[in-house]
There are 2 protein chains.
Amino acid sequence: MVSNSDNSNEQEDFPQEINGLRMTRQRREVYRSLMAKRVHPTAQDVFLDVKDKLPQISLATVYNCLEALTQHGIIRQVHFDRESCRYCPNLHEHGHFHDQSTGKILDVAFKPGIRLEDFLDLPPGTTVSNIEFTLRGTIVTH
Amino acid sequence: MVSNSDNSNEQEDFPQEINGLRMTRQRREVYRSLMAKRVHPTAQDVFLDVKDKLPQISLATVYNCLEALTQHGIIRQVHFDRESCRYCPNLHEHGHFHDQSTGKILDVAFKPGIRLEDFLDLPPGTTVSNIEFTLRGTIVTH
DNA sequence: TCAGAAATCAAGAATGATTCTTATTTTTAT
DNA sequence: ATAAAAATAAGAATCATTCTTGATTTCTGA
Ligand SMILES: [Mn+2]
Ligand SMILES: [Mn+2]
Ligand SMILES: [Zn+2]
Ligand SMILES: [Zn+2]
């Protein structure tokens, strides 16, 4: 690893720590990229984007950062079949709509107050700790 | 490939073709394995199971069969994060509940008559062609 | 019936996303 | 300031899946 004398962690307008996870420069830029664009990027997408700010960052570190942020509940992984994982900074309960014409991925919220038992035939005794909901299709604009 | 003089496709009690897909011995045994067990196996699981009946079958052929069956709408792929794909012969609209204690995967149906707009805030103009949802959790038996 | 043509299969190589390993650097705690 | 802990960069390893190739089987149409 090449020494980087300008690698301090000091940063205005940004917490030094989130959910008990120390915000290093790499983690902060990864998180910032997700928050700024909100396009559900892959690790590779994030890597390319963050390289503008931290040219020496490695793809492995981007994976490490995304994993750390995920484990601390700061971001979420999103899966579409077996494609590369995507990442989402929206922590509200939501699913994803994949527009097959544009490739865009949109957040889809549940109706307020709705519960799983309202629309699913769950086996009795079920305790659900995690939901992943994916839709595919198209959107016609007027 | 070793020649197999007993490789005929004749079989009682089974159609020679489903949805326009010719049922070769390999495809039939793969499909039979899925229908008999209904445990959402991986390709590797199917491979091990079908080898009892067709000892010379290859993993590549199991993948080919699963792909062909999927493309012809005879079975469905099921995804859990980036784990190995699993396969499901239940063609009704349904999602999956992954019991984290037992590892078992259960089919979960929608309540009859429910529509997406009843529980999701879909963007206007949305046409949904495919739904995939996955739940994780535990089941307590009385 | 029989000779292509087309489809399928087996085996192993290639691919690609992700994880792992290791040496180095940075941060934290004393 | 020093030692321990945590984080990073670089590249190797892993693993599910796809691809390639040559053999085999099935189909089609004289
Ligand atoms: Mn950029
Ligand atoms: Mn078996
Ligand atoms: Zn999202
Ligand atoms: Zn199923």
# chains A, B, ... in the order shown; residues from 1 in each chain; ligands from 1
>>> residues_near_ligand(ligand="ligand 2", cutoff="10 Å", atoms="only C-alpha atoms (C1' of nucleotides) and all ligand atoms", output="PyMOL selection string")
chain B and resi 33+45-53
>>> residues_near_ligand(ligand="ligand 3", cutoff="12 Å", atoms="only C-alpha atoms (C1' of nucleotides) and all ligand atoms", output="MDAnalysis selection string")
chainID A and resid 34:35 37:41 75:80 86:98 104:109 132:134
>>> write_last_selection(atoms="N, CA and C atoms", output="compact mmCIF listing (two decimals), in the first residue's frame")
# COMPACT_ATOMS: atom_id res chain seq x y z
N LEU A 34 -23.56 6.68 -2.40
CA LEU A 34 -24.89 6.07 -2.38
C LEU A 34 -25.98 7.10 -2.11
N MET A 35 -25.72 7.98 -1.12
CA MET A 35 -26.73 8.96 -0.72
C MET A 35 -26.95 10.00 -1.82
N LYS A 37 -26.51 9.72 -5.16
CA LYS A 37 -27.06 9.28 -6.45
C LYS A 37 -28.34 8.48 -6.29
N ARG A 38 -28.40 7.64 -5.28
CA ARG A 38 -29.61 6.85 -5.03
C ARG A 38 -30.11 6.09 -6.25
N VAL A 39 -29.17 5.49 -6.96
CA VAL A 39 -29.54 4.74 -8.17
C VAL A 39 -29.32 3.25 -8.01
N HIS A 40 -29.12 2.81 -6.76
CA HIS A 40 -28.89 1.39 -6.51
C HIS A 40 -27.71 0.87 -7.32
N PRO A 41 -26.53 1.44 -7.09
CA PRO A 41 -25.35 1.05 -7.87
C PRO A 41 -24.79 -0.29 -7.40
N ILE A 75 -26.86 0.88 5.31
CA ILE A 75 -27.38 0.72 3.94
C ILE A 75 -27.93 -0.70 3.83
N ARG A 76 -28.55 -0.99 2.69
CA ARG A 76 -29.10 -2.32 2.46
C ARG A 76 -28.60 -2.88 1.14
N GLN A 77 -28.43 -4.18 1.10
CA GLN A 77 -28.15 -4.86 -0.17
C GLN A 77 -29.47 -5.10 -0.89
N VAL A 78 -29.43 -5.03 -2.20
CA VAL A 78 -30.59 -5.32 -3.03
C VAL A 78 -30.19 -6.33 -4.09
N HIS A 79 -31.01 -7.35 -4.25
CA HIS A 79 -30.66 -8.43 -5.19
C HIS A 79 -31.66 -8.52 -6.32
N PHE A 80 -31.15 -8.68 -7.52
CA PHE A 80 -31.98 -8.96 -8.68
C PHE A 80 -31.44 -10.22 -9.31
N ARG A 86 -26.66 -4.86 -5.56
CA ARG A 86 -26.78 -3.42 -5.60
C ARG A 86 -26.99 -2.93 -4.17
N TYR A 87 -26.80 -1.62 -3.97
CA TYR A 87 -26.85 -1.08 -2.62
C TYR A 87 -27.78 0.11 -2.55
N CYS A 88 -28.47 0.22 -1.43
CA CYS A 88 -29.56 1.19 -1.27
C CYS A 88 -29.46 1.83 0.11
N PRO A 89 -29.44 3.18 0.16
CA PRO A 89 -29.34 3.86 1.45
C PRO A 89 -30.71 4.17 2.07
N ASN A 90 -31.79 3.74 1.43
CA ASN A 90 -33.14 3.98 1.95
C ASN A 90 -33.47 2.89 2.97
N LEU A 91 -33.55 3.31 4.22
CA LEU A 91 -33.74 2.32 5.29
C LEU A 91 -35.21 2.05 5.61
N HIS A 92 -36.10 2.78 4.98
CA HIS A 92 -37.52 2.47 5.20
C HIS A 92 -37.84 1.12 4.59
N GLU A 93 -38.81 0.46 5.17
CA GLU A 93 -39.28 -0.81 4.59
C GLU A 93 -39.76 -0.54 3.16
N HIS A 94 -39.14 -1.14 2.21
CA HIS A 94 -39.59 -0.93 0.83
C HIS A 94 -39.10 -2.05 -0.07
N GLY A 95 -39.71 -2.12 -1.24
CA GLY A 95 -39.29 -3.08 -2.25
C GLY A 95 -38.75 -2.34 -3.46
N HIS A 96 -38.52 -3.05 -4.56
CA HIS A 96 -37.89 -2.43 -5.72
C HIS A 96 -38.60 -2.81 -7.02
N PHE A 97 -38.76 -1.78 -7.84
CA PHE A 97 -39.33 -1.98 -9.16
C PHE A 97 -38.23 -1.78 -10.18
N HIS A 98 -37.99 -2.78 -11.00
CA HIS A 98 -36.95 -2.70 -12.03
C HIS A 98 -37.63 -2.41 -13.37
N LYS A 104 -33.79 1.44 -14.95
CA LYS A 104 -33.82 2.13 -13.65
C LYS A 104 -34.49 1.28 -12.58
N ILE A 105 -34.03 1.46 -11.36
CA ILE A 105 -34.59 0.74 -10.22
C ILE A 105 -35.24 1.76 -9.28
N LEU A 106 -36.51 1.58 -9.01
CA LEU A 106 -37.25 2.52 -8.17
C LEU A 106 -37.62 1.88 -6.84
N ASP A 107 -37.57 2.69 -5.79
CA ASP A 107 -38.08 2.23 -4.50
C ASP A 107 -39.60 2.21 -4.55
N VAL A 108 -40.16 1.17 -3.96
CA VAL A 108 -41.61 1.04 -3.88
C VAL A 108 -41.99 0.82 -2.42
N ALA A 109 -42.74 1.75 -1.86
CA ALA A 109 -43.10 1.64 -0.45
C ALA A 109 -44.36 0.81 -0.28
N GLU A 132 -37.86 -9.15 1.25
CA GLU A 132 -37.28 -8.63 0.01
C GLU A 132 -38.33 -8.77 -1.08
N PHE A 133 -38.65 -7.64 -1.71
CA PHE A 133 -39.77 -7.60 -2.64
C PHE A 133 -39.31 -6.96 -3.94
N THR A 134 -39.40 -7.69 -5.05
CA THR A 134 -38.89 -7.21 -6.32
C THR A 134 -39.95 -7.31 -7.41
>>> closest_residue(among="D:DA1, D:DT28, D:DA9, D:DC19", to="chain B", atoms="only C-alpha atoms (C1' of nucleotides)")
D:DC19
>>> interface_residues(of="chain C", to="chain B", cutoff="10 Å", atoms="only C-alpha atoms (C1' of nucleotides)", output="PDB file with C-alpha atoms (C1' of nucleotides), in the first residue's frame")
ATOM      1  C1'  DA C   7     -30.793 -31.099 -31.055  1.00  0.00           C
ATOM      2  C1'  DT C   8     -28.876 -32.790 -26.975  1.00  0.00           C
ATOM      3  C1'  DC C   9     -25.326 -34.256 -24.011  1.00  0.00           C
ATOM      4  C1'  DA C  10     -20.743 -34.827 -21.265  1.00  0.00           C
ATOM      5  C1'  DA C  11     -16.574 -32.985 -19.989  1.00  0.00           C
ATOM      6  C1'  DG C  12     -13.847 -29.611 -18.879  1.00  0.00           C
ATOM      7  C1'  DA C  17     -18.738 -11.572  -8.731  1.00  0.00           C
ATOM      8  C1'  DT C  18     -17.286 -12.034  -4.325  1.00  0.00           C
TER       9       DT C  18
END
>>> select_by_dssp(residues="region 17-129 of chain B", states="alpha helix (DSSP H)", output="PyMOL selection string")
chain B and resi 25-37+43-51+59-71+116-119
>>> write_last_selection(atoms="N, CA, C and O atoms", output="compact mmCIF listing (two decimals), in the first residue's frame")
# COMPACT_ATOMS: atom_id res chain seq x y z
N ARG B 25 -34.63 -38.17 -21.46
CA ARG B 25 -34.52 -38.86 -20.17
C ARG B 25 -33.98 -37.92 -19.10
O ARG B 25 -34.46 -37.87 -17.97
N GLN B 26 -32.95 -37.14 -19.47
CA GLN B 26 -32.33 -36.24 -18.51
C GLN B 26 -33.31 -35.18 -18.01
O GLN B 26 -33.43 -34.93 -16.81
N ARG B 27 -34.03 -34.57 -18.96
CA ARG B 27 -34.98 -33.52 -18.56
C ARG B 27 -36.10 -34.11 -17.72
O ARG B 27 -36.56 -33.48 -16.76
N ARG B 28 -36.53 -35.33 -18.10
CA ARG B 28 -37.61 -35.95 -17.34
C ARG B 28 -37.18 -36.22 -15.91
O ARG B 28 -37.90 -35.93 -14.95
N GLU B 29 -35.99 -36.75 -15.71
CA GLU B 29 -35.55 -37.08 -14.35
C GLU B 29 -35.31 -35.83 -13.52
O GLU B 29 -35.59 -35.80 -12.32
N VAL B 30 -34.81 -34.79 -14.17
CA VAL B 30 -34.64 -33.52 -13.45
C VAL B 30 -36.00 -32.99 -13.01
O VAL B 30 -36.19 -32.64 -11.83
N TYR B 31 -36.94 -33.01 -13.92
CA TYR B 31 -38.27 -32.51 -13.59
C TYR B 31 -38.93 -33.39 -12.52
O TYR B 31 -39.53 -32.88 -11.58
N ARG B 32 -38.77 -34.70 -12.66
CA ARG B 32 -39.34 -35.62 -11.67
C ARG B 32 -38.78 -35.39 -10.28
O ARG B 32 -39.51 -35.43 -9.29
N SER B 33 -37.47 -35.14 -10.22
CA SER B 33 -36.85 -34.88 -8.92
C SER B 33 -37.48 -33.65 -8.26
O SER B 33 -37.82 -33.67 -7.07
N LEU B 34 -37.65 -32.58 -9.06
CA LEU B 34 -38.26 -31.37 -8.51
C LEU B 34 -39.68 -31.63 -8.04
O LEU B 34 -40.08 -31.19 -6.95
N MET B 35 -40.45 -32.35 -8.84
CA MET B 35 -41.86 -32.59 -8.52
C MET B 35 -42.00 -33.53 -7.31
O MET B 35 -42.91 -33.36 -6.50
N ALA B 36 -41.10 -34.48 -7.20
CA ALA B 36 -41.23 -35.47 -6.13
C ALA B 36 -40.88 -34.87 -4.78
O ALA B 36 -41.52 -35.16 -3.77
N LYS B 37 -39.86 -34.03 -4.74
CA LYS B 37 -39.37 -33.56 -3.44
C LYS B 37 -39.92 -32.19 -3.06
O LYS B 37 -40.17 -31.92 -1.90
N ALA B 43 -29.06 -26.69 -8.16
CA ALA B 43 -28.66 -27.54 -9.29
C ALA B 43 -27.83 -28.72 -8.77
O ALA B 43 -27.98 -29.86 -9.22
N GLN B 44 -26.97 -28.44 -7.83
CA GLN B 44 -26.12 -29.48 -7.24
C GLN B 44 -26.97 -30.55 -6.54
O GLN B 44 -26.72 -31.75 -6.70
N ASP B 45 -27.99 -30.11 -5.78
CA ASP B 45 -28.91 -31.05 -5.14
C ASP B 45 -29.57 -31.95 -6.17
O ASP B 45 -29.66 -33.18 -6.00
N VAL B 46 -30.05 -31.33 -7.25
CA VAL B 46 -30.73 -32.10 -8.29
C VAL B 46 -29.76 -33.08 -8.93
O VAL B 46 -30.08 -34.25 -9.15
N PHE B 47 -28.56 -32.61 -9.18
CA PHE B 47 -27.52 -33.45 -9.77
C PHE B 47 -27.31 -34.71 -8.94
O PHE B 47 -27.36 -35.84 -9.45
N LEU B 48 -27.12 -34.55 -7.64
CA LEU B 48 -26.90 -35.70 -6.76
C LEU B 48 -28.11 -36.63 -6.76
O LEU B 48 -27.97 -37.86 -6.77
N ASP B 49 -29.29 -36.05 -6.75
CA ASP B 49 -30.50 -36.87 -6.70
C ASP B 49 -30.70 -37.65 -7.99
O ASP B 49 -31.02 -38.84 -7.96
N VAL B 50 -30.49 -36.99 -9.13
CA VAL B 50 -30.78 -37.63 -10.42
C VAL B 50 -29.72 -38.67 -10.76
O VAL B 50 -29.97 -39.61 -11.51
N LYS B 51 -28.54 -38.52 -10.18
CA LYS B 51 -27.47 -39.49 -10.48
C LYS B 51 -27.86 -40.92 -10.10
O LYS B 51 -27.34 -41.88 -10.68
N LEU B 59 -23.19 -32.43 -14.37
CA LEU B 59 -23.73 -31.23 -13.75
C LEU B 59 -24.12 -30.21 -14.82
O LEU B 59 -25.14 -29.54 -14.72
N ALA B 60 -23.31 -30.13 -15.88
CA ALA B 60 -23.62 -29.19 -16.97
C ALA B 60 -24.97 -29.51 -17.58
O ALA B 60 -25.75 -28.60 -17.89
N THR B 61 -25.26 -30.80 -17.72
CA THR B 61 -26.55 -31.19 -18.30
C THR B 61 -27.68 -30.85 -17.36
O THR B 61 -28.76 -30.43 -17.79
N VAL B 62 -27.47 -31.02 -16.07
CA VAL B 62 -28.51 -30.62 -15.11
C VAL B 62 -28.78 -29.13 -15.25
O VAL B 62 -29.94 -28.69 -15.29
N TYR B 63 -27.71 -28.33 -15.35
CA TYR B 63 -27.90 -26.89 -15.57
C TYR B 63 -28.66 -26.66 -16.88
O TYR B 63 -29.58 -25.83 -16.94
N ASN B 64 -28.28 -27.36 -17.94
CA ASN B 64 -28.98 -27.19 -19.22
C ASN B 64 -30.45 -27.55 -19.09
O ASN B 64 -31.31 -26.84 -19.60
N CYS B 65 -30.73 -28.65 -18.42
CA CYS B 65 -32.13 -29.08 -18.25
C CYS B 65 -32.92 -28.06 -17.45
O CYS B 65 -34.04 -27.69 -17.82
N LEU B 66 -32.35 -27.60 -16.36
CA LEU B 66 -33.05 -26.63 -15.51
C LEU B 66 -33.31 -25.35 -16.29
O LEU B 66 -34.39 -24.75 -16.19
N GLU B 67 -32.34 -24.95 -17.11
CA GLU B 67 -32.51 -23.75 -17.93
C GLU B 67 -33.61 -23.95 -18.95
O GLU B 67 -34.49 -23.09 -19.13
N ALA B 68 -33.60 -25.11 -19.61
CA ALA B 68 -34.62 -25.39 -20.63
C ALA B 68 -36.00 -25.45 -20.00
O ALA B 68 -36.96 -24.87 -20.52
N LEU B 69 -36.13 -26.12 -18.87
CA LEU B 69 -37.42 -26.22 -18.18
C LEU B 69 -37.89 -24.83 -17.75
O LEU B 69 -39.08 -24.49 -17.85
N THR B 70 -36.96 -24.01 -17.28
CA THR B 70 -37.31 -22.65 -16.87
C THR B 70 -37.78 -21.82 -18.07
O THR B 70 -38.82 -21.16 -18.02
N GLN B 71 -37.01 -21.86 -19.15
CA GLN B 71 -37.35 -21.07 -20.34
C GLN B 71 -38.70 -21.44 -20.91
O GLN B 71 -39.38 -20.61 -21.51
N LEU B 116 -51.69 -5.72 -6.41
CA LEU B 116 -50.49 -5.02 -5.96
C LEU B 116 -50.82 -3.65 -5.39
O LEU B 116 -50.26 -3.23 -4.38
N GLU B 117 -51.73 -2.94 -6.05
CA GLU B 117 -52.06 -1.58 -5.62
C GLU B 117 -52.73 -1.57 -4.24
O GLU B 117 -52.85 -0.52 -3.61
N ASP B 118 -53.18 -2.76 -3.79
CA ASP B 118 -53.81 -2.82 -2.48
C ASP B 118 -52.81 -2.68 -1.35
O ASP B 118 -53.16 -2.28 -0.25
N PHE B 119 -51.57 -3.02 -1.62
CA PHE B 119 -50.59 -2.96 -0.52
C PHE B 119 -49.30 -2.25 -0.89
O PHE B 119 -48.43 -2.05 -0.05
>>> select_by_dssp(residues="region 15-125 of chain B", states="strand (DSSP E or B)", output="ChimeraX atom specification")
/B:17-18,21-22,42,76-78,86-88,94-99,105-110,120-121
>>> interface_residues(of="chain D", to="chain A", cutoff="9 Å", atoms="only C-alpha atoms (C1' of nucleotides)", output="VMD selection string")
chain D and resid 7 to 10
>>> interface_residues(of="chain B", to="chain A", cutoff="8 Å", atoms="only C-alpha atoms", output="CSV table (one decimal) with N, CA and C atoms, in the first residue's frame")
chain,number,residue,atom,x,y,z
B,79,HIS,N,-34.5,-17.2,-6.0
B,79,HIS,CA,-33.2,-16.6,-5.6
B,79,HIS,C,-33.3,-16.2,-4.1
B,81,ASP,N,-30.8,-14.0,-2.0
B,81,ASP,CA,-29.6,-13.2,-2.1
B,81,ASP,C,-28.7,-13.8,-3.2
B,82,ARG,N,-27.4,-14.0,-3.0
B,82,ARG,CA,-26.6,-14.5,-4.1
B,82,ARG,C,-26.3,-16.0,-3.9
B,85,CYS,N,-28.8,-20.6,-7.1
B,85,CYS,CA,-30.2,-20.7,-7.5
B,85,CYS,C,-30.9,-21.9,-7.0
B,108,VAL,N,-45.3,-19.3,-0.3
B,108,VAL,CA,-46.3,-18.4,0.3
B,108,VAL,C,-47.1,-17.8,-0.7
B,109,ALA,N,-48.4,-18.0,-0.7
B,109,ALA,CA,-49.3,-17.5,-1.7
B,109,ALA,C,-49.9,-16.1,-1.3
B,110,PHE,N,-50.3,-15.4,-2.3
B,110,PHE,CA,-51.1,-14.1,-2.0
B,110,PHE,C,-52.5,-14.5,-1.5
B,111,LYS,N,-53.1,-13.6,-0.7
B,111,LYS,CA,-54.5,-13.8,-0.4
B,111,LYS,C,-55.3,-13.7,-1.7
B,114,ILE,N,-56.2,-10.4,-4.1
B,114,ILE,CA,-55.5,-9.2,-3.7
B,114,ILE,C,-54.7,-8.7,-5.0
B,118,ASP,N,-53.2,-2.8,-3.8
B,118,ASP,CA,-53.8,-2.8,-2.5
B,118,ASP,C,-52.8,-2.7,-1.3
B,119,PHE,N,-51.6,-3.0,-1.6
B,119,PHE,CA,-50.6,-3.0,-0.5
B,119,PHE,C,-49.3,-2.2,-0.9
B,120,LEU,N,-49.2,-1.9,-2.2
B,120,LEU,CA,-47.9,-1.1,-2.6
B,120,LEU,C,-48.3,0.2,-3.1
B,121,ASP,N,-47.4,1.2,-2.9
B,121,ASP,CA,-47.5,2.5,-3.5
B,121,ASP,C,-46.7,2.5,-4.8
B,122,LEU,N,-47.4,2.0,-5.9
B,122,LEU,CA,-46.7,1.9,-7.2
B,122,LEU,C,-46.7,3.2,-7.9
B,123,PRO,N,-45.6,3.6,-8.6
B,123,PRO,CA,-45.6,4.8,-9.4
B,123,PRO,C,-46.7,4.7,-10.4
B,124,PRO,N,-47.3,5.8,-10.8
B,124,PRO,CA,-48.4,5.7,-11.8
B,124,PRO,C,-47.8,5.3,-13.2
B,125,GLY,N,-48.6,4.6,-13.9
B,125,GLY,CA,-48.2,4.1,-15.2
B,125,GLY,C,-47.4,2.8,-15.2
B,126,THR,N,-47.3,2.2,-14.0
B,126,THR,CA,-46.5,1.0,-13.9
B,126,THR,C,-47.2,-0.3,-14.4
B,127,THR,N,-46.6,-1.0,-15.2
B,127,THR,CA,-47.1,-2.3,-15.6
B,127,THR,C,-46.1,-3.4,-15.1
B,128,VAL,N,-46.6,-4.2,-14.2
B,128,VAL,CA,-45.7,-5.2,-13.6
B,128,VAL,C,-45.9,-6.6,-14.3
B,129,SER,N,-44.7,-7.1,-14.7
B,129,SER,CA,-44.8,-8.4,-15.5
B,129,SER,C,-44.3,-9.5,-14.6
B,130,ASN,N,-43.6,-9.2,-13.5
B,130,ASN,CA,-43.0,-10.3,-12.7
B,130,ASN,C,-42.8,-9.8,-11.3
B,131,ILE,N,-43.2,-10.7,-10.4
B,131,ILE,CA,-43.1,-10.4,-8.9
B,131,ILE,C,-42.2,-11.5,-8.3
B,132,GLU,N,-41.3,-11.1,-7.5
B,132,GLU,CA,-40.5,-12.0,-6.7
B,132,GLU,C,-40.4,-11.5,-5.3
B,133,PHE,N,-40.8,-12.3,-4.3
B,133,PHE,CA,-40.7,-11.8,-2.9
B,133,PHE,C,-40.2,-13.0,-2.0
B,134,THR,N,-39.4,-12.6,-1.1
B,134,THR,CA,-38.7,-13.5,-0.2
B,134,THR,C,-38.8,-13.0,1.2
B,135,LEU,N,-39.3,-13.9,2.1
B,135,LEU,CA,-39.3,-13.6,3.5
B,135,LEU,C,-38.3,-14.5,4.3
B,136,ARG,N,-37.8,-14.0,5.3
B,136,ARG,CA,-36.9,-14.8,6.2
B,136,ARG,C,-37.4,-14.7,7.6
B,137,GLY,N,-37.3,-15.7,8.4
B,137,GLY,CA,-37.7,-15.7,9.8
B,137,GLY,C,-37.8,-17.1,10.4
B,138,THR,N,-38.6,-17.2,11.3
B,138,THR,CA,-38.7,-18.5,12.0
B,138,THR,C,-40.2,-18.9,12.2
B,139,ILE,N,-40.5,-20.1,12.4
B,139,ILE,CA,-41.8,-20.6,12.7
B,139,ILE,C,-41.8,-21.3,14.0
B,140,VAL,N,-42.7,-20.9,14.9
B,140,VAL,CA,-42.9,-21.6,16.2
B,140,VAL,C,-44.1,-22.5,16.0
B,141,THR,N,-43.9,-23.8,16.3
B,141,THR,CA,-45.0,-24.8,16.2
B,141,THR,C,-45.6,-25.0,17.6
B,142,HIS,N,-46.8,-24.5,17.8
B,142,HIS,CA,-47.6,-24.4,19.0
B,142,HIS,C,-46.7,-24.4,20.3
